[in-house]
file start11.txt (compact mmCIF, C-alpha atoms and all ligand atoms)
# COMPACT_ATOMS: atom_id res chain seq x y z
CA MET A 18 23.61 -3.95 1.31
CA ASN A 19 24.36 -4.55 -2.37
CA ILE A 20 21.83 -2.50 -4.33
CA ILE A 21 21.05 -2.21 -8.03
CA VAL A 22 19.39 1.05 -9.03
CA GLY A 23 17.32 0.48 -12.19
CA ILE A 24 16.61 3.61 -14.23
CA THR A 25 13.94 3.84 -16.94
CA GLY A 26 13.10 6.49 -19.50
CA GLY A 27 11.15 9.16 -17.66
CA ILE A 28 12.16 12.76 -17.04
CA ALA A 29 12.68 11.92 -13.34
CA ALA A 30 15.71 9.84 -14.43
CA TYR A 31 17.71 13.03 -13.96
CA LYS A 32 17.23 12.50 -10.19
CA ALA A 33 18.65 8.94 -10.28
CA PRO A 34 22.32 10.01 -9.75
CA GLU A 35 21.21 11.84 -6.58
CA LEU A 36 19.52 8.65 -5.33
CA VAL A 37 22.68 6.64 -6.08
CA ARG A 38 24.75 9.23 -4.20
CA LEU A 39 22.47 9.03 -1.13
CA LEU A 40 22.59 5.21 -1.11
CA VAL A 41 26.38 5.20 -1.41
CA LYS A 42 26.52 7.75 1.45
CA ASP A 43 24.39 5.33 3.55
CA GLY A 44 27.17 2.74 3.07
CA HIS A 45 25.63 0.61 0.32
CA ASP A 46 27.50 -0.83 -2.65
CA VAL A 47 25.47 0.41 -5.63
CA ARG A 48 25.44 -0.62 -9.30
CA CYS A 49 23.22 0.94 -11.95
CA ALA A 50 21.17 -0.70 -14.71
CA ALA A 51 19.49 1.64 -17.20
CA THR A 52 17.21 1.25 -20.20
CA GLU A 53 18.29 2.84 -23.47
CA HIS A 54 15.62 5.56 -23.10
CA ALA A 55 16.80 6.43 -19.58
CA LEU A 56 20.05 7.62 -21.11
CA GLN A 57 18.08 10.39 -22.87
CA PHE A 58 17.59 11.95 -19.41
CA THR A 59 20.79 11.04 -17.56
CA THR A 60 24.20 9.89 -18.73
CA ARG A 61 26.43 6.83 -18.51
CA PRO A 62 29.48 8.79 -17.18
CA THR A 63 27.37 10.38 -14.40
CA LEU A 64 25.93 7.04 -13.25
CA GLU A 65 29.33 5.31 -13.48
CA THR A 66 31.00 8.10 -11.52
CA VAL A 67 28.47 8.27 -8.66
CA SER A 68 28.23 4.48 -8.32
CA GLY A 69 31.89 3.75 -8.96
CA HIS A 70 30.90 0.82 -11.21
CA ARG A 71 30.34 0.18 -14.91
CA LEU A 72 26.73 0.81 -16.05
CA TYR A 73 24.69 -2.28 -16.95
CA CYS A 74 22.60 -1.46 -20.02
CA ASP A 75 23.07 -3.95 -22.83
CA LEU A 76 21.87 -7.54 -22.37
CA PHE A 77 24.63 -9.07 -24.49
CA SER A 78 27.67 -6.83 -23.96
CA SER A 79 29.36 -9.05 -21.39
CA GLY A 80 27.67 -12.40 -21.65
CA SER A 81 23.96 -13.22 -21.71
CA THR A 82 23.94 -14.53 -18.10
CA GLU A 83 25.17 -11.36 -16.42
CA HIS A 84 21.64 -10.67 -15.12
CA ILE A 85 21.83 -13.93 -13.15
CA SER A 86 25.15 -13.06 -11.50
CA LEU A 87 23.90 -9.52 -10.77
CA LYS A 88 20.71 -10.91 -9.20
CA ASP A 89 22.82 -13.19 -6.98
CA TRP A 90 25.00 -10.22 -6.00
CA ALA A 91 22.12 -7.84 -5.17
CA ASP A 92 20.18 -7.69 -1.92
CA LEU A 93 17.79 -5.16 -3.40
CA LEU A 94 16.74 -3.77 -6.79
CA VAL A 95 15.30 -0.23 -6.70
CA VAL A 96 13.73 0.99 -9.96
CA ALA A 97 13.58 4.80 -9.93
CA PRO A 98 11.93 6.15 -11.94
CA ALA A 99 9.66 3.25 -12.94
CA THR A 100 7.68 4.15 -16.06
CA ALA A 101 4.26 2.74 -16.96
CA ASN A 102 6.15 0.74 -19.60
CA ILE A 103 8.48 -1.11 -17.21
CA ILE A 104 5.61 -1.70 -14.74
CA GLY A 105 3.55 -3.20 -17.58
CA LYS A 106 6.46 -5.31 -18.82
CA VAL A 107 7.13 -6.86 -15.41
CA ALA A 108 3.41 -7.48 -14.80
CA SER A 109 3.27 -9.29 -18.16
CA GLY A 110 6.54 -11.18 -17.72
CA ILE A 111 8.29 -9.46 -20.63
CA ALA A 112 12.12 -9.48 -20.61
CA ASP A 113 13.39 -7.70 -23.72
CA ASP A 114 16.31 -5.67 -22.38
CA ALA A 115 18.85 -5.82 -19.57
CA LEU A 116 16.72 -4.19 -16.86
CA SER A 117 13.46 -6.04 -17.59
CA THR A 118 15.39 -9.33 -17.71
CA LEU A 119 17.00 -8.54 -14.37
CA LEU A 120 13.60 -7.63 -12.90
CA LEU A 121 12.20 -11.03 -13.83
CA ALA A 122 15.22 -12.79 -12.35
CA MET A 123 14.98 -10.89 -9.02
CA PRO A 124 12.66 -12.20 -6.23
CA PRO A 125 9.71 -9.76 -6.00
CA GLU A 126 10.19 -9.16 -2.26
CA ARG A 127 13.68 -7.80 -3.02
CA THR A 128 12.36 -5.21 -5.48
CA ILE A 129 11.17 -1.63 -4.87
CA MET A 130 9.65 0.51 -7.62
CA ALA A 131 9.21 4.29 -7.60
CA PRO A 132 6.57 4.93 -10.30
CA ALA A 133 6.71 8.24 -12.19
CA MET A 134 4.39 9.29 -14.99
CA ASN A 135 1.66 11.71 -16.01
CA SER A 136 -1.31 11.58 -13.58
CA GLN A 137 -3.74 10.34 -16.24
CA MET A 138 -1.39 7.52 -17.15
CA TRP A 139 -1.07 6.65 -13.45
CA ALA A 140 -4.88 6.58 -13.08
CA HIS A 141 -5.33 4.39 -16.20
CA PRO A 142 -6.96 1.05 -15.31
CA ALA A 143 -4.18 -0.85 -17.10
CA VAL A 144 -1.47 0.79 -14.94
CA GLN A 145 -3.52 0.32 -11.76
CA ARG A 146 -4.09 -3.35 -12.66
CA ASN A 147 -0.38 -3.85 -13.33
CA ILE A 148 0.63 -2.16 -10.07
CA ALA A 149 -1.87 -4.32 -8.15
CA THR A 150 -0.29 -7.40 -9.79
CA LEU A 151 3.22 -6.35 -8.72
CA LEU A 152 2.08 -5.52 -5.17
CA GLY A 153 0.33 -8.88 -5.01
CA TRP A 154 3.64 -10.61 -5.77
CA GLY A 155 5.34 -8.72 -2.93
CA ILE A 156 7.08 -5.95 -4.91
CA ARG A 157 7.05 -2.72 -2.89
CA THR A 158 6.35 0.73 -4.26
CA VAL A 159 7.32 4.23 -3.13
CA GLY A 160 5.01 7.00 -4.36
CA PRO A 161 4.13 8.38 -6.78
CA ALA A 162 3.78 11.73 -5.03
CA ASP A 163 1.40 14.62 -5.75
CA GLY A 164 2.62 17.88 -7.25
CA PRO A 165 3.63 19.63 -10.46
CA LEU A 166 4.44 17.27 -13.35
CA ALA A 167 6.90 17.67 -16.21
CA CYS A 168 4.03 17.92 -18.72
CA GLY A 169 2.96 21.23 -17.13
CA THR A 170 -0.04 19.85 -15.22
CA SER A 171 -0.29 18.90 -11.57
CA GLY A 172 -1.49 15.69 -9.90
CA THR A 173 -0.36 12.25 -8.72
CA GLY A 174 2.55 10.95 -10.76
CA ARG A 175 5.74 12.65 -9.57
CA MET A 176 8.54 10.30 -8.60
CA SER A 177 9.08 10.38 -4.82
CA GLU A 178 12.10 12.47 -3.92
CA PRO A 179 15.44 10.58 -3.73
CA GLU A 180 15.53 11.23 0.08
CA GLU A 181 12.15 9.47 0.47
CA ILE A 182 13.29 6.49 -1.65
CA ALA A 183 16.53 6.27 0.35
CA ARG A 184 14.44 6.33 3.55
CA GLN A 185 12.41 3.34 2.29
CA VAL A 186 15.65 1.51 1.52
CA ARG A 187 16.78 2.19 5.11
CA CYS A 188 13.49 0.59 6.33
CA VAL A 189 14.24 -2.53 4.25
CA ALA A 190 17.78 -2.65 5.63
CA THR A 191 16.41 -2.39 9.20
CA GLU A 192 13.82 -5.11 8.47
CA GLN A 193 16.61 -7.40 7.27
CA VAL A 194 18.58 -6.81 10.46
CA ARG A 195 15.43 -7.55 12.49
CA CYS A 196 14.81 -10.71 10.42
CA VAL A 197 18.33 -11.97 11.05
CA ALA A 198 17.95 -11.19 14.78
CA THR A 199 14.65 -13.09 14.90
CA LEU A 200 16.15 -16.01 12.98
CA LEU A 201 19.05 -16.12 15.45
CA GLN A 202 16.61 -16.05 18.36
CA HIS A 203 14.61 -18.89 16.79
CA THR A 204 17.67 -21.05 16.29
CA GLN A 205 19.00 -20.33 19.78
CA GLN A 206 15.87 -20.77 21.89
CA PRO A 207 13.26 -23.52 21.82
CA GLN A 208 9.97 -21.90 20.84
CA PRO A 209 7.12 -22.20 23.35
CA ALA A 210 4.05 -23.93 21.95
CA PRO A 211 1.31 -21.38 21.19
CA THR A 212 -1.14 -21.17 24.08
CA THR A 213 -4.84 -21.68 23.60
CA HIS A 214 -5.27 -17.93 24.33
CA ALA A 215 -3.28 -17.01 21.24
CA PRO A 216 -5.01 -18.80 18.38
CA LEU A 217 -3.65 -16.25 15.90
CA ALA A 218 0.00 -16.48 17.05
CA GLY A 219 2.34 -16.19 14.08
CA GLN A 220 -0.31 -14.43 11.95
CA GLN A 221 -0.13 -10.86 10.70
CA TRP A 222 -3.38 -8.94 10.04
CA LEU A 223 -4.05 -5.61 8.39
CA VAL A 224 -6.86 -3.35 9.63
CA THR A 225 -7.98 -0.03 8.16
CA ALA A 226 -9.87 2.39 10.39
CA GLY A 227 -11.33 5.87 10.65
CA PRO A 228 -12.29 8.42 8.03
CA THR A 229 -10.21 9.85 5.21
CA TYR A 230 -9.78 13.59 4.64
CA GLU A 231 -9.66 14.78 1.04
CA ARG A 232 -8.04 18.20 0.79
CA ILE A 233 -9.78 21.11 -0.93
CA ASP A 234 -7.12 23.72 -0.09
CA SER A 235 -4.52 24.34 2.61
CA VAL A 236 -7.14 24.61 5.39
CA ARG A 237 -10.24 22.68 4.23
CA PHE A 238 -11.11 19.09 3.45
CA ILE A 239 -14.00 16.73 2.68
CA GLY A 240 -14.37 14.16 5.48
CA ASN A 241 -16.96 12.04 7.25
CA TYR A 242 -18.11 11.28 10.82
CA SER A 243 -16.25 7.96 11.26
CA SER A 244 -14.58 7.86 14.70
CA GLY A 245 -12.29 4.87 14.04
CA LYS A 246 -13.65 3.10 17.18
CA MET A 247 -14.73 -0.08 15.32
CA GLY A 248 -11.37 -0.42 13.52
CA PHE A 249 -9.34 0.19 16.69
CA ALA A 250 -11.47 -2.39 18.57
CA LEU A 251 -10.85 -4.89 15.73
CA ALA A 252 -7.09 -4.26 15.78
CA GLU A 253 -7.00 -4.87 19.54
CA ALA A 254 -9.21 -7.99 19.33
CA LEU A 255 -6.87 -9.48 16.69
CA ALA A 256 -3.80 -8.59 18.77
CA ASP A 257 -5.43 -10.05 21.92
CA ALA A 258 -5.86 -13.28 19.94
CA GLY A 259 -2.10 -13.35 19.29
CA ALA A 260 -1.76 -11.66 15.88
CA GLU A 261 0.67 -8.90 14.94
CA VAL A 262 -1.56 -6.13 13.60
CA GLU A 263 -0.81 -3.39 11.08
CA LEU A 264 -3.37 -0.66 11.77
CA VAL A 265 -3.66 1.94 9.00
CA THR A 266 -5.83 4.75 10.27
CA GLY A 267 -7.25 7.98 8.96
CA PRO A 268 -7.34 11.08 11.20
CA THR A 269 -8.67 10.24 14.68
CA ALA A 270 -8.04 11.24 18.29
CA LEU A 271 -7.98 7.57 19.38
CA LYS A 272 -4.83 6.13 20.96
CA THR A 273 -3.32 2.67 20.58
CA GLY A 274 -1.53 1.15 23.55
CA HIS A 275 -1.38 -2.52 22.53
CA PRO A 276 2.24 -3.68 21.98
CA HIS A 277 1.21 -5.85 19.03
CA VAL A 278 -0.68 -3.13 17.17
CA HIS A 279 1.63 -1.23 14.78
CA ARG A 280 0.01 2.00 13.70
CA THR A 281 0.40 3.93 10.41
CA ASP A 282 -1.37 7.31 10.30
CA VAL A 283 -2.62 8.51 6.93
CA GLU A 284 -4.87 11.33 5.81
CA SER A 285 -6.31 10.70 2.35
CA ALA A 286 -7.76 7.68 0.55
CA ARG A 287 -4.73 7.57 -1.72
CA GLU A 288 -2.33 7.48 1.24
CA MET A 289 -4.43 4.70 2.80
CA TYR A 290 -4.36 2.84 -0.56
CA SER A 291 -0.61 3.09 -0.74
CA ALA A 292 -0.06 1.85 2.86
CA ALA A 293 -2.64 -0.95 2.64
CA THR A 294 -1.46 -2.32 -0.71
CA GLN A 295 2.13 -2.39 0.54
CA LEU A 296 1.27 -4.16 3.79
CA PHE A 297 -1.29 -6.70 2.49
CA PRO A 298 1.05 -9.13 0.66
CA ALA A 299 2.77 -10.09 3.94
CA CYS A 300 -0.52 -10.52 5.85
CA THR A 301 -2.66 -13.54 6.66
CA GLY A 302 -5.73 -11.39 6.21
CA ALA A 303 -7.20 -7.90 6.24
CA ILE A 304 -10.28 -6.29 7.74
CA LEU A 305 -11.10 -2.99 6.04
CA SER A 306 -13.37 -0.99 8.29
CA ALA A 307 -12.28 2.52 7.27
CA ALA A 308 -14.87 4.92 5.89
CA VAL A 309 -12.93 5.80 2.77
CA ALA A 310 -14.06 8.78 0.68
CA ASP A 311 -15.19 7.57 -2.73
CA TYR A 312 -14.32 10.94 -4.30
CA ARG A 313 -11.75 13.71 -3.81
CA PRO A 314 -11.47 17.23 -5.23
CA SER A 315 -9.77 17.05 -8.63
CA GLU A 316 -7.36 19.76 -7.51
CA CYS A 317 -6.03 20.87 -4.14
CA ALA A 318 -5.09 24.56 -3.87
CA ASP A 319 -1.84 25.17 -2.01
CA HIS A 320 -3.32 28.35 -0.45
CA LYS A 321 -6.64 29.19 1.23
CA LEU A 322 -9.29 29.67 -1.48
CA LYS A 323 -10.85 33.14 -1.36
CA LYS A 324 -14.55 33.97 -1.43
CA HIS A 325 -15.55 35.70 -4.68
CA GLY A 326 -18.54 38.05 -4.31
CA SER A 327 -21.88 36.33 -3.80
CA GLU A 328 -21.42 33.69 -6.49
CA GLY A 329 -21.61 29.99 -5.75
CA MET A 330 -18.67 27.69 -6.22
CA THR A 331 -18.34 24.34 -7.99
CA LEU A 332 -15.95 21.64 -6.78
CA THR A 333 -15.04 18.99 -9.34
CA LEU A 334 -14.57 15.57 -7.76
CA VAL A 335 -12.69 12.58 -9.13
CA GLN A 336 -12.94 8.98 -8.00
CA ASN A 337 -10.57 7.54 -5.39
CA PRO A 338 -9.11 4.06 -5.79
CA ASP A 339 -11.18 1.33 -4.10
CA ILE A 340 -8.73 -0.19 -1.59
CA LEU A 341 -10.92 -3.18 -0.76
CA ALA A 342 -11.51 -4.06 -4.42
CA THR A 343 -7.77 -3.73 -5.14
CA LEU A 344 -6.88 -6.08 -2.27
CA GLY A 345 -9.56 -8.42 -3.69
CA THR A 346 -7.60 -8.60 -6.96
CA MET A 347 -4.29 -9.05 -5.09
CA LYS A 348 -5.58 -11.78 -2.73
CA ARG A 349 -3.57 -15.03 -2.78
CA ASP A 350 -4.87 -18.49 -1.87
CA GLY A 351 -5.21 -18.74 1.89
CA GLN A 352 -5.43 -14.98 2.51
CA ARG A 353 -8.69 -13.73 4.08
CA LEU A 354 -10.32 -10.45 3.09
CA VAL A 355 -13.11 -8.83 5.08
CA GLY A 356 -15.00 -5.66 4.15
CA PHE A 357 -17.64 -3.53 5.79
CA ALA A 358 -20.89 -2.34 4.26
CA LEU A 359 -22.75 0.56 5.83
CA GLU A 360 -26.14 0.41 4.14
CA THR A 361 -29.30 2.45 4.38
CA ASP A 362 -31.61 0.39 2.16
CA ASN A 363 -31.67 -3.04 0.49
CA GLU A 364 -29.05 -3.92 3.08
CA LEU A 365 -28.59 -7.67 2.59
CA ALA A 366 -28.77 -7.62 -1.21
CA ASN A 367 -26.25 -4.74 -1.43
CA ALA A 368 -23.87 -6.41 1.01
CA GLU A 369 -24.12 -9.77 -0.85
CA SER A 370 -23.33 -8.11 -4.16
CA LYS A 371 -20.32 -6.26 -2.65
CA LEU A 372 -19.04 -9.57 -1.20
CA GLN A 373 -18.98 -11.12 -4.68
CA ARG A 374 -17.89 -8.04 -6.65
CA LYS A 375 -14.89 -7.27 -4.42
CA ASN A 376 -13.82 -10.93 -4.02
CA LEU A 377 -14.27 -10.93 -0.21
CA ASP A 378 -14.47 -13.84 2.20
CA TYR A 379 -16.74 -12.00 4.63
CA ILE A 380 -18.65 -8.74 4.71
CA VAL A 381 -19.79 -7.07 7.93
CA MET A 382 -23.04 -5.24 7.40
CA ASN A 383 -24.19 -2.29 9.51
CA SER A 384 -27.59 -0.83 8.94
CA LEU A 385 -28.01 2.86 9.65
CA ARG A 386 -31.63 2.00 10.46
CA ASP A 387 -30.50 0.24 13.68
CA ALA A 388 -30.41 2.63 16.65
CA GLY A 389 -26.98 2.54 18.35
CA ALA A 390 -25.17 1.24 15.22
CA GLY A 391 -22.83 3.11 12.88
CA PHE A 392 -20.58 6.16 13.11
CA GLY A 393 -19.36 7.66 16.39
CA THR A 394 -21.39 5.40 18.75
CA ASP A 395 -19.81 3.10 21.34
CA THR A 396 -22.12 0.24 20.33
CA ASN A 397 -22.81 -1.62 17.14
CA LYS A 398 -25.13 -4.25 15.69
CA VAL A 399 -23.90 -6.19 12.68
CA THR A 400 -24.63 -9.13 10.38
CA ILE A 401 -21.57 -11.03 9.14
CA LEU A 402 -22.14 -12.60 5.73
CA GLY A 403 -19.72 -15.31 4.56
CA ARG A 404 -18.83 -16.27 1.01
CA ASP A 405 -19.94 -19.79 1.99
CA GLY A 406 -23.48 -18.46 2.58
CA SER A 407 -23.10 -18.27 6.39
CA ARG A 408 -24.87 -15.48 8.30
CA ASN A 409 -24.07 -14.38 11.86
CA GLU A 410 -26.19 -11.68 13.44
CA SER A 411 -25.13 -9.85 16.60
CA PRO A 412 -27.40 -8.14 19.10
CA LEU A 413 -26.58 -4.52 20.03
CA LEU A 414 -23.19 -4.87 21.77
CA SER A 415 -20.20 -2.70 22.66
CA LYS A 416 -17.81 -2.23 19.72
CA GLN A 417 -15.24 -4.33 21.64
CA GLU A 418 -17.69 -7.24 21.91
CA VAL A 419 -18.68 -6.90 18.25
CA ALA A 420 -14.97 -6.86 17.32
CA ARG A 421 -14.35 -10.13 19.22
CA MET A 422 -17.31 -11.74 17.46
CA ILE A 423 -16.08 -10.57 14.02
CA VAL A 424 -12.54 -11.81 14.74
CA GLU A 425 -13.79 -15.21 15.90
CA THR A 426 -15.98 -15.59 12.81
CA VAL A 427 -13.53 -14.46 10.13
CA THR A 428 -10.44 -16.23 11.49
CA GLN A 429 -11.97 -19.67 12.08
O1 LIG A 501 -18.44 -0.04 -1.82
P1 LIG A 501 -18.41 0.56 -0.44
O2 LIG A 501 -17.66 1.86 -0.40
O3 LIG A 501 -19.73 0.67 0.22
O4 LIG A 501 -17.61 -0.54 0.41
C1 LIG A 501 -17.31 -0.35 1.76
C2 LIG A 501 -16.10 -1.17 2.10
O5 LIG A 501 -15.08 -0.85 1.13
C3 LIG A 501 -15.49 -0.87 3.45
O6 LIG A 501 -14.88 -2.07 3.91
C4 LIG A 501 -14.44 0.20 3.14
O7 LIG A 501 -13.38 0.18 4.09
C5 LIG A 501 -13.96 -0.23 1.76
N1 LIG A 501 -13.56 0.84 0.84
C6 LIG A 501 -12.24 0.92 0.46
N2 LIG A 501 -11.84 1.87 -0.44
C7 LIG A 501 -12.72 2.75 -0.94
C8 LIG A 501 -14.08 2.69 -0.56
C9 LIG A 501 -14.46 1.72 0.35
O8 LIG A 501 -11.43 0.13 0.95
N3 LIG A 501 -12.30 3.68 -1.79
call {"tool": "encode", "arguments": {"input": "start11.txt", "output": "structure tokens"}}
result
Amino acid sequence: MNIIVGITGGIAAYKAPELVRLLVKDGHDVRCAATEHALQFTTRPTLETVSGHRLYCDLFSSGSTEHISLKDWADLLVVAPATANIIGKVASGIADDALSTLLLAMPPERTIMAPAMNSQMWAHPAVQRNIATLLGWGIRTVGPADGPLACGTSGTGRMSEPEEIARQVRCVATEQVRCVATLLQHTQQPQPAPTTHAPLAGQQWLVTAGPTYERIDSVRFIGNYSSGKMGFALAEALADAGAEVELVTGPTALKTGHPHVHRTDVESAREMYSAATQLFPACTGAILSAAVADYRPSECADHKLKKHGSEGMTLTLVQNPDILATLGTMKRDGQRLVGFALETDNELANAESKLQRKNLDYIVMNSLRDAGAGFGTDTNKVTILGRDGSRNESPLLSKQEVARMIVETVTQ
């Protein structure tokens, strides 16, 4: 592939030449585009040497339309590191230097960004809103990862390692090969008409399932009793109806055997957030049934915490991103979004308010007051509330039967 590596002004820019080297080693033709500030952390001669091409930095040095010819040349634009500044500029449509101009000229689905910044900047609502905007347009992200940061603290904000970014690029390259193969198949063979048993043929759905584990130290976590059974039953019901299903699941012993269910295993809420926000833009709809932890320990010790005398211990918790609400802000016309609400009191009113607040099309309400419904059981009893005011109540059924009813309701 022809790849442009965009480099912005964060300390992680010193790793950009290593990324370029890995991409060249994978057989790609790579050119670099850097912001002025990036060159405080890496140098023009290094980037020109590893890529074997002149560095693209100044918008006017060789004609003001060079960004258009570069965009036509490139199959992929990888921005690593991507600072809060460049993320904000793209989200706002600002093009005031060579790289931001190129980013606006490039189709979003051919752009990958590897954010890198201080963890508080990453958690800032403005950055999270901007990232959600980019993901909604189809831009992909890699990271940021957890770990020590240049400012001396530790948290989420490190740029993913060059190997990880190169691995993501390999996935895109494989997808392109698969796309071409599918296109060839489509042009060579007449397509059978979809059968009445596959009403969702051609659709792609995202399902989240199971609990999340939020690490306290190297051997302990905060979790919940979710078994994942409802989410797995939903994934299979969607696939039985003809859809291709992306199942993002927290830790569970459940197995998936369905050929049209593609499984991604994650552990924490933030990993689930990252997978779900990347997969959603390409989907017809999403059903989020995972029991996601609302909070996580503010720090995770990399060793087993020791007991100190007979004193108590205080864990400080910080809020996790709300995956469902984020997908609600990313949702495009025609996409369906379905959430779950496990309520103990004021069930209908709480579910109604969540439906509106998170911009959902449907919400599936479980009441913990109903015997046989909720975590770990093989049965469930739900009420499906629609944005249009519709209400569908199920009797106590197996989770498979409930899943079929939910799928029929939310896909009609
Ligand atoms: O607001 P509440 O947590 O009760 O909403 C439950 C719904 O939101 C479920 O569909 C659950 O999968 C989803 N959720 C999420 N991300 C969170 C918390 C909940 O996607 N951090």
call {"tool": "closest_residue", "arguments": {"input": "start11.txt", "among": "A:Met18, A:Leu56, A:Leu87, A:Leu151", "to": "Gly105 in chain A", "atoms": "only C-alpha atoms"}}
result
A:Leu151
call {"tool": "residues_near_ligand", "arguments": {"input": "start11.txt", "ligand": "ligand LIG 501 (chain A)", "cutoff": "6 Å", "atoms": "all atoms listed in the file", "output": "short mmCIF file (atom, residue, chain, number, x, y, z; two decimals) with C-alpha atoms, keeping the file's coordinate frame"}}
result
data_model
loop_
_atom_site.label_atom_id
_atom_site.label_comp_id
_atom_site.auth_asym_id
_atom_site.auth_seq_id
_atom_site.Cartn_x
_atom_site.Cartn_y
_atom_site.Cartn_z
CA LEU A 305 -11.10 -2.99 6.04
CA SER A 306 -13.37 -0.99 8.29
CA ALA A 307 -12.28 2.52 7.27
CA ALA A 308 -14.87 4.92 5.89
CA VAL A 309 -12.93 5.80 2.77
CA ALA A 310 -14.06 8.78 0.68
CA ASP A 311 -15.19 7.57 -2.73
CA ASN A 337 -10.57 7.54 -5.39
CA PRO A 338 -9.11 4.06 -5.79
CA ASP A 339 -11.18 1.33 -4.10
CA ILE A 340 -8.73 -0.19 -1.59
CA LEU A 341 -10.92 -3.18 -0.76
CA GLY A 356 -15.00 -5.66 4.15
CA PHE A 357 -17.64 -3.53 5.79
CA ALA A 358 -20.89 -2.34 4.26
#
call {"tool": "residues_around", "arguments": {"input": "start11.txt", "residues": "Leu255 in chain A", "least_positions_apart": "5", "cutoff": "8 Å", "atoms": "all atoms listed in the file", "output": "number ranges by chain"}}
result
A: 217, 222, 260-262, 421, 424
call {"tool": "write_last_selection", "arguments": {"input": "start11.txt", "atoms": "C-alpha atoms", "output": "mmCIF file, keeping the file's coordinate frame"}}
result
data_model
loop_
_atom_site.group_PDB
_atom_site.id
_atom_site.type_symbol
_atom_site.label_atom_id
_atom_site.label_comp_id
_atom_site.auth_asym_id
_atom_site.auth_seq_id
_atom_site.Cartn_x
_atom_site.Cartn_y
_atom_site.Cartn_z
ATOM 1 C CA LEU A 217 -3.650 -16.250 15.900
ATOM 2 C CA TRP A 222 -3.380 -8.940 10.040
ATOM 3 C CA ALA A 260 -1.760 -11.660 15.880
ATOM 4 C CA GLU A 261 0.670 -8.900 14.940
ATOM 5 C CA VAL A 262 -1.560 -6.130 13.600
ATOM 6 C CA ARG A 421 -14.350 -10.130 19.220
ATOM 7 C CA VAL A 424 -12.540 -11.810 14.740
#
call {"tool": "axis_aligned_box", "arguments": {"input": "start11.txt", "around": "range 404-411 of chain A", "padding_each_side": "6 Å", "output": "JSON"}}
result
{"center_x": -22.5, "center_y": -14.8, "center_z": 8.8, "size_x": 19.4, "size_y": 21.9, "size_z": 27.6}
call {"tool": "atom_distance", "arguments": {"input": "start11.txt", "atom1": "CA of Lys371 in chain A", "atom2": "CA of Tyr290 in chain A"}}
result
18.5 Å
